[in-house]
file protein-v2.txt (compact mmCIF, N, CA and C atoms)
# COMPACT_ATOMS: atom_id res chain seq x y z
N MET A 132 -21.38 59.65 -41.07
CA MET A 132 -21.24 60.64 -42.11
C MET A 132 -20.64 59.97 -43.33
N PRO A 133 -21.20 60.20 -44.51
CA PRO A 133 -20.65 59.61 -45.72
C PRO A 133 -19.24 60.14 -46.01
N LYS A 134 -18.45 59.31 -46.62
CA LYS A 134 -17.08 59.71 -46.99
C LYS A 134 -17.04 60.01 -48.47
N ILE A 135 -16.22 61.00 -48.81
CA ILE A 135 -16.04 61.40 -50.21
C ILE A 135 -14.55 61.31 -50.52
N VAL A 136 -14.24 60.79 -51.68
CA VAL A 136 -12.86 60.73 -52.14
C VAL A 136 -12.70 61.76 -53.24
N ALA A 137 -11.66 62.56 -53.14
CA ALA A 137 -11.43 63.60 -54.15
C ALA A 137 -9.95 63.70 -54.47
N GLN A 138 -9.68 64.10 -55.68
CA GLN A 138 -8.30 64.37 -56.08
C GLN A 138 -8.11 65.88 -56.09
N VAL A 139 -7.03 66.34 -55.47
CA VAL A 139 -6.73 67.77 -55.45
C VAL A 139 -5.33 67.99 -56.00
N SER A 140 -5.14 69.18 -56.51
CA SER A 140 -3.82 69.48 -57.07
C SER A 140 -2.78 69.57 -55.95
N GLU A 141 -1.55 69.43 -56.32
CA GLU A 141 -0.45 69.48 -55.35
C GLU A 141 -0.43 70.82 -54.63
N ASP A 142 -0.73 71.91 -55.34
CA ASP A 142 -0.74 73.24 -54.72
C ASP A 142 -1.78 73.35 -53.62
N ILE A 143 -2.98 72.86 -53.89
CA ILE A 143 -4.04 72.91 -52.88
C ILE A 143 -3.66 72.04 -51.69
N TYR A 144 -3.12 70.88 -51.95
CA TYR A 144 -2.72 70.00 -50.85
C TYR A 144 -1.64 70.65 -49.99
N LYS A 145 -0.70 71.33 -50.63
CA LYS A 145 0.35 72.03 -49.87
C LYS A 145 -0.25 73.14 -49.02
N ASN A 146 -1.22 73.88 -49.58
CA ASN A 146 -1.87 74.94 -48.81
C ASN A 146 -2.61 74.38 -47.60
N ILE A 147 -3.32 73.29 -47.79
CA ILE A 147 -4.04 72.65 -46.68
C ILE A 147 -3.05 72.19 -45.61
N THR A 148 -2.00 71.54 -46.04
CA THR A 148 -0.98 71.04 -45.11
C THR A 148 -0.36 72.20 -44.33
N GLU A 149 -0.11 73.30 -45.00
CA GLU A 149 0.48 74.47 -44.34
C GLU A 149 -0.49 75.04 -43.30
N GLU A 150 -1.77 75.12 -43.63
CA GLU A 150 -2.75 75.64 -42.68
C GLU A 150 -2.88 74.72 -41.47
N VAL A 151 -2.77 73.42 -41.67
CA VAL A 151 -2.79 72.48 -40.55
C VAL A 151 -1.54 72.69 -39.70
N ARG A 152 -0.40 72.83 -40.34
CA ARG A 152 0.87 73.03 -39.63
C ARG A 152 0.83 74.31 -38.80
N LEU A 153 0.21 75.37 -39.33
CA LEU A 153 0.13 76.64 -38.62
C LEU A 153 -0.91 76.64 -37.50
N GLY A 154 -1.71 75.59 -37.44
CA GLY A 154 -2.71 75.48 -36.40
C GLY A 154 -4.04 76.11 -36.74
N ILE A 155 -4.21 76.52 -37.99
CA ILE A 155 -5.49 77.09 -38.42
C ILE A 155 -6.57 76.01 -38.35
N PHE A 156 -6.20 74.81 -38.74
CA PHE A 156 -7.10 73.65 -38.66
C PHE A 156 -6.39 72.56 -37.88
N SER A 157 -7.18 71.71 -37.23
CA SER A 157 -6.57 70.64 -36.43
C SER A 157 -6.05 69.50 -37.31
N ASP A 158 -6.71 69.28 -38.44
CA ASP A 158 -6.25 68.24 -39.37
C ASP A 158 -6.78 68.53 -40.77
N THR A 159 -6.34 67.71 -41.71
CA THR A 159 -6.71 67.90 -43.12
C THR A 159 -8.22 67.77 -43.31
N ALA A 160 -8.85 66.82 -42.63
CA ALA A 160 -10.29 66.61 -42.78
C ALA A 160 -11.07 67.87 -42.37
N GLU A 161 -10.66 68.51 -41.28
CA GLU A 161 -11.34 69.72 -40.84
C GLU A 161 -11.19 70.83 -41.88
N ALA A 162 -10.02 70.97 -42.47
CA ALA A 162 -9.78 71.99 -43.49
C ALA A 162 -10.67 71.76 -44.70
N VAL A 163 -10.75 70.52 -45.14
CA VAL A 163 -11.56 70.19 -46.32
C VAL A 163 -13.04 70.38 -46.02
N ASN A 164 -13.50 69.92 -44.86
CA ASN A 164 -14.90 70.09 -44.49
C ASN A 164 -15.28 71.56 -44.41
N THR A 165 -14.43 72.38 -43.84
CA THR A 165 -14.69 73.81 -43.75
C THR A 165 -14.78 74.43 -45.14
N ALA A 166 -13.87 74.05 -46.02
CA ALA A 166 -13.88 74.58 -47.38
C ALA A 166 -15.16 74.16 -48.12
N LEU A 167 -15.56 72.91 -47.97
CA LEU A 167 -16.79 72.45 -48.63
C LEU A 167 -18.02 73.19 -48.12
N ARG A 168 -18.10 73.38 -46.80
CA ARG A 168 -19.24 74.12 -46.24
C ARG A 168 -19.27 75.54 -46.78
N LYS A 169 -18.10 76.17 -46.84
CA LYS A 169 -18.02 77.56 -47.32
C LYS A 169 -18.47 77.66 -48.78
N VAL A 170 -18.01 76.76 -49.62
CA VAL A 170 -18.38 76.78 -51.04
C VAL A 170 -19.87 76.52 -51.21
N TYR A 171 -20.41 75.57 -50.44
CA TYR A 171 -21.83 75.26 -50.56
C TYR A 171 -22.68 76.44 -50.09
N THR A 172 -22.23 77.13 -49.05
CA THR A 172 -22.95 78.31 -48.56
C THR A 172 -22.95 79.41 -49.62
N GLN A 173 -21.80 79.64 -50.26
CA GLN A 173 -21.72 80.63 -51.34
C GLN A 173 -22.67 80.27 -52.47
N LYS A 174 -22.69 79.00 -52.84
CA LYS A 174 -23.56 78.54 -53.92
C LYS A 174 -25.02 78.78 -53.56
N SER A 175 -25.37 78.50 -52.32
CA SER A 175 -26.74 78.71 -51.86
C SER A 175 -27.13 80.19 -51.92
N ARG A 176 -26.21 81.07 -51.53
CA ARG A 176 -26.49 82.51 -51.58
C ARG A 176 -26.68 82.98 -53.01
N VAL A 177 -25.86 82.50 -53.93
CA VAL A 177 -25.99 82.87 -55.34
C VAL A 177 -27.33 82.41 -55.88
N TYR A 178 -27.73 81.18 -55.54
CA TYR A 178 -29.01 80.66 -55.99
C TYR A 178 -30.16 81.49 -55.42
N LEU A 179 -30.08 81.84 -54.14
CA LEU A 179 -31.13 82.63 -53.52
C LEU A 179 -31.24 84.00 -54.18
N ARG A 180 -30.11 84.64 -54.47
CA ARG A 180 -30.14 85.94 -55.16
C ARG A 180 -30.78 85.81 -56.54
N TRP A 181 -30.42 84.76 -57.26
CA TRP A 181 -30.99 84.53 -58.59
C TRP A 181 -32.49 84.33 -58.49
N LEU A 182 -32.92 83.51 -57.54
CA LEU A 182 -34.33 83.23 -57.36
C LEU A 182 -35.10 84.50 -56.98
N MET A 183 -34.53 85.31 -56.11
CA MET A 183 -35.17 86.56 -55.72
C MET A 183 -35.34 87.46 -56.95
N LYS A 184 -34.30 87.56 -57.76
CA LYS A 184 -34.37 88.40 -58.96
C LYS A 184 -35.41 87.87 -59.94
N LYS A 185 -35.41 86.56 -60.12
CA LYS A 185 -36.36 85.93 -61.05
C LYS A 185 -37.80 86.17 -60.62
N GLU A 186 -38.06 86.09 -59.32
CA GLU A 186 -39.41 86.25 -58.81
C GLU A 186 -39.77 87.70 -58.48
N GLY A 187 -38.80 88.60 -58.66
CA GLY A 187 -39.06 90.02 -58.39
C GLY A 187 -39.18 90.35 -56.91
N ILE A 188 -38.50 89.60 -56.08
CA ILE A 188 -38.56 89.83 -54.64
C ILE A 188 -37.39 90.74 -54.25
N THR A 189 -37.69 91.78 -53.50
CA THR A 189 -36.64 92.67 -53.04
C THR A 189 -36.13 92.20 -51.68
N GLU A 190 -34.95 92.67 -51.33
CA GLU A 190 -34.38 92.32 -50.03
C GLU A 190 -35.28 92.86 -48.90
N GLU A 191 -35.78 94.07 -49.09
CA GLU A 191 -36.66 94.67 -48.08
C GLU A 191 -37.93 93.83 -47.89
N GLY A 192 -38.48 93.39 -48.99
CA GLY A 192 -39.68 92.55 -48.93
C GLY A 192 -39.43 91.25 -48.20
N MET A 193 -38.28 90.65 -48.46
CA MET A 193 -37.94 89.40 -47.80
C MET A 193 -37.75 89.62 -46.31
N LEU A 194 -37.08 90.71 -45.94
CA LEU A 194 -36.86 90.99 -44.52
C LEU A 194 -38.18 91.26 -43.80
N MET A 195 -39.10 91.94 -44.47
CA MET A 195 -40.42 92.18 -43.88
C MET A 195 -41.17 90.87 -43.68
N GLU A 196 -41.06 89.98 -44.66
CA GLU A 196 -41.71 88.68 -44.55
C GLU A 196 -41.14 87.88 -43.37
N LEU A 197 -39.80 87.90 -43.23
CA LEU A 197 -39.17 87.20 -42.12
C LEU A 197 -39.59 87.79 -40.78
N ALA A 198 -39.68 89.12 -40.72
CA ALA A 198 -40.11 89.77 -39.48
C ALA A 198 -41.52 89.33 -39.11
N GLY A 199 -42.38 89.20 -40.12
CA GLY A 199 -43.74 88.74 -39.87
C GLY A 199 -43.81 87.31 -39.38
N LEU A 200 -42.89 86.47 -39.85
CA LEU A 200 -42.88 85.08 -39.42
C LEU A 200 -42.38 84.93 -37.98
N ARG A 201 -41.52 85.83 -37.53
CA ARG A 201 -40.94 85.74 -36.20
C ARG A 201 -41.92 86.17 -35.11
N LYS A 202 -43.00 86.86 -35.47
CA LYS A 202 -43.95 87.33 -34.45
C LYS A 202 -44.82 86.25 -33.93
call {"tool": "encode", "arguments": {"input": "protein-v2.txt", "output": "structure tokens"}}
result
Amino acid sequence: MPKIVAQVSEDIYKNITEEVRLGIFSDTAEAVNTALRKVYTQKSRVYLRWLMKKEGITEEGMLMELAGLRK
């Protein structure tokens, strides 16, 4: 897996350290990886909503299309 180096503010680092201390995450790397996945997922959802609006696709239409693909 590629490694990324990032600078974070002292406040964010303290929050991560606290969550590790409380046992929410096993280590700092897990906390950062989880946060990155969450942000990327949010970004993907926003892009999908924008694309649906741009192309005039409704949620119902998309769900019907998915149902058709699953058969």
call {"tool": "atom_distance", "arguments": {"input": "protein-v2.txt", "atom1": "atom N of Asn164 in chain A", "atom2": "atom C of Trp181 in chain A"}}
result
27.5 Å
call {"tool": "atom_distance", "arguments": {"input": "protein-v2.txt", "atom1": "CA of Gly154 in chain A", "atom2": "CA of Val170 in chain A"}}
result
21.5 Å
call {"tool": "atom_distance", "arguments": {"input": "protein-v2.txt", "atom1": "atom N of Leu182 in chain A", "atom2": "atom C of Thr165 in chain A"}}
result
23.8 Å
call {"tool": "axis_aligned_box", "arguments": {"input": "protein-v2.txt", "around": "range 157-165 of chain A", "padding_each_side": "5 Å", "output": "JSON"}}
result
{"center_x": -10.7, "center_y": 70.5, "center_z": -41.4, "size_x": 19.2, "size_y": 17.8, "size_z": 19.9}
call {"tool": "select_by_dssp", "arguments": {"input": "protein-v2.txt", "residues": "chain A", "states": "alpha helix (DSSP H)", "output": "PyMOL selection string"}}
result
chain A and resi 141-152+159-186+190-201
call {"tool": "residues_around", "arguments": {"input": "protein-v2.txt", "residues": "range 140-153 of chain A", "least_positions_apart": "4", "cutoff": "8 Å", "atoms": "all atoms listed in the file", "output": "number ranges by chain"}}
result
A: 157-159, 162-163
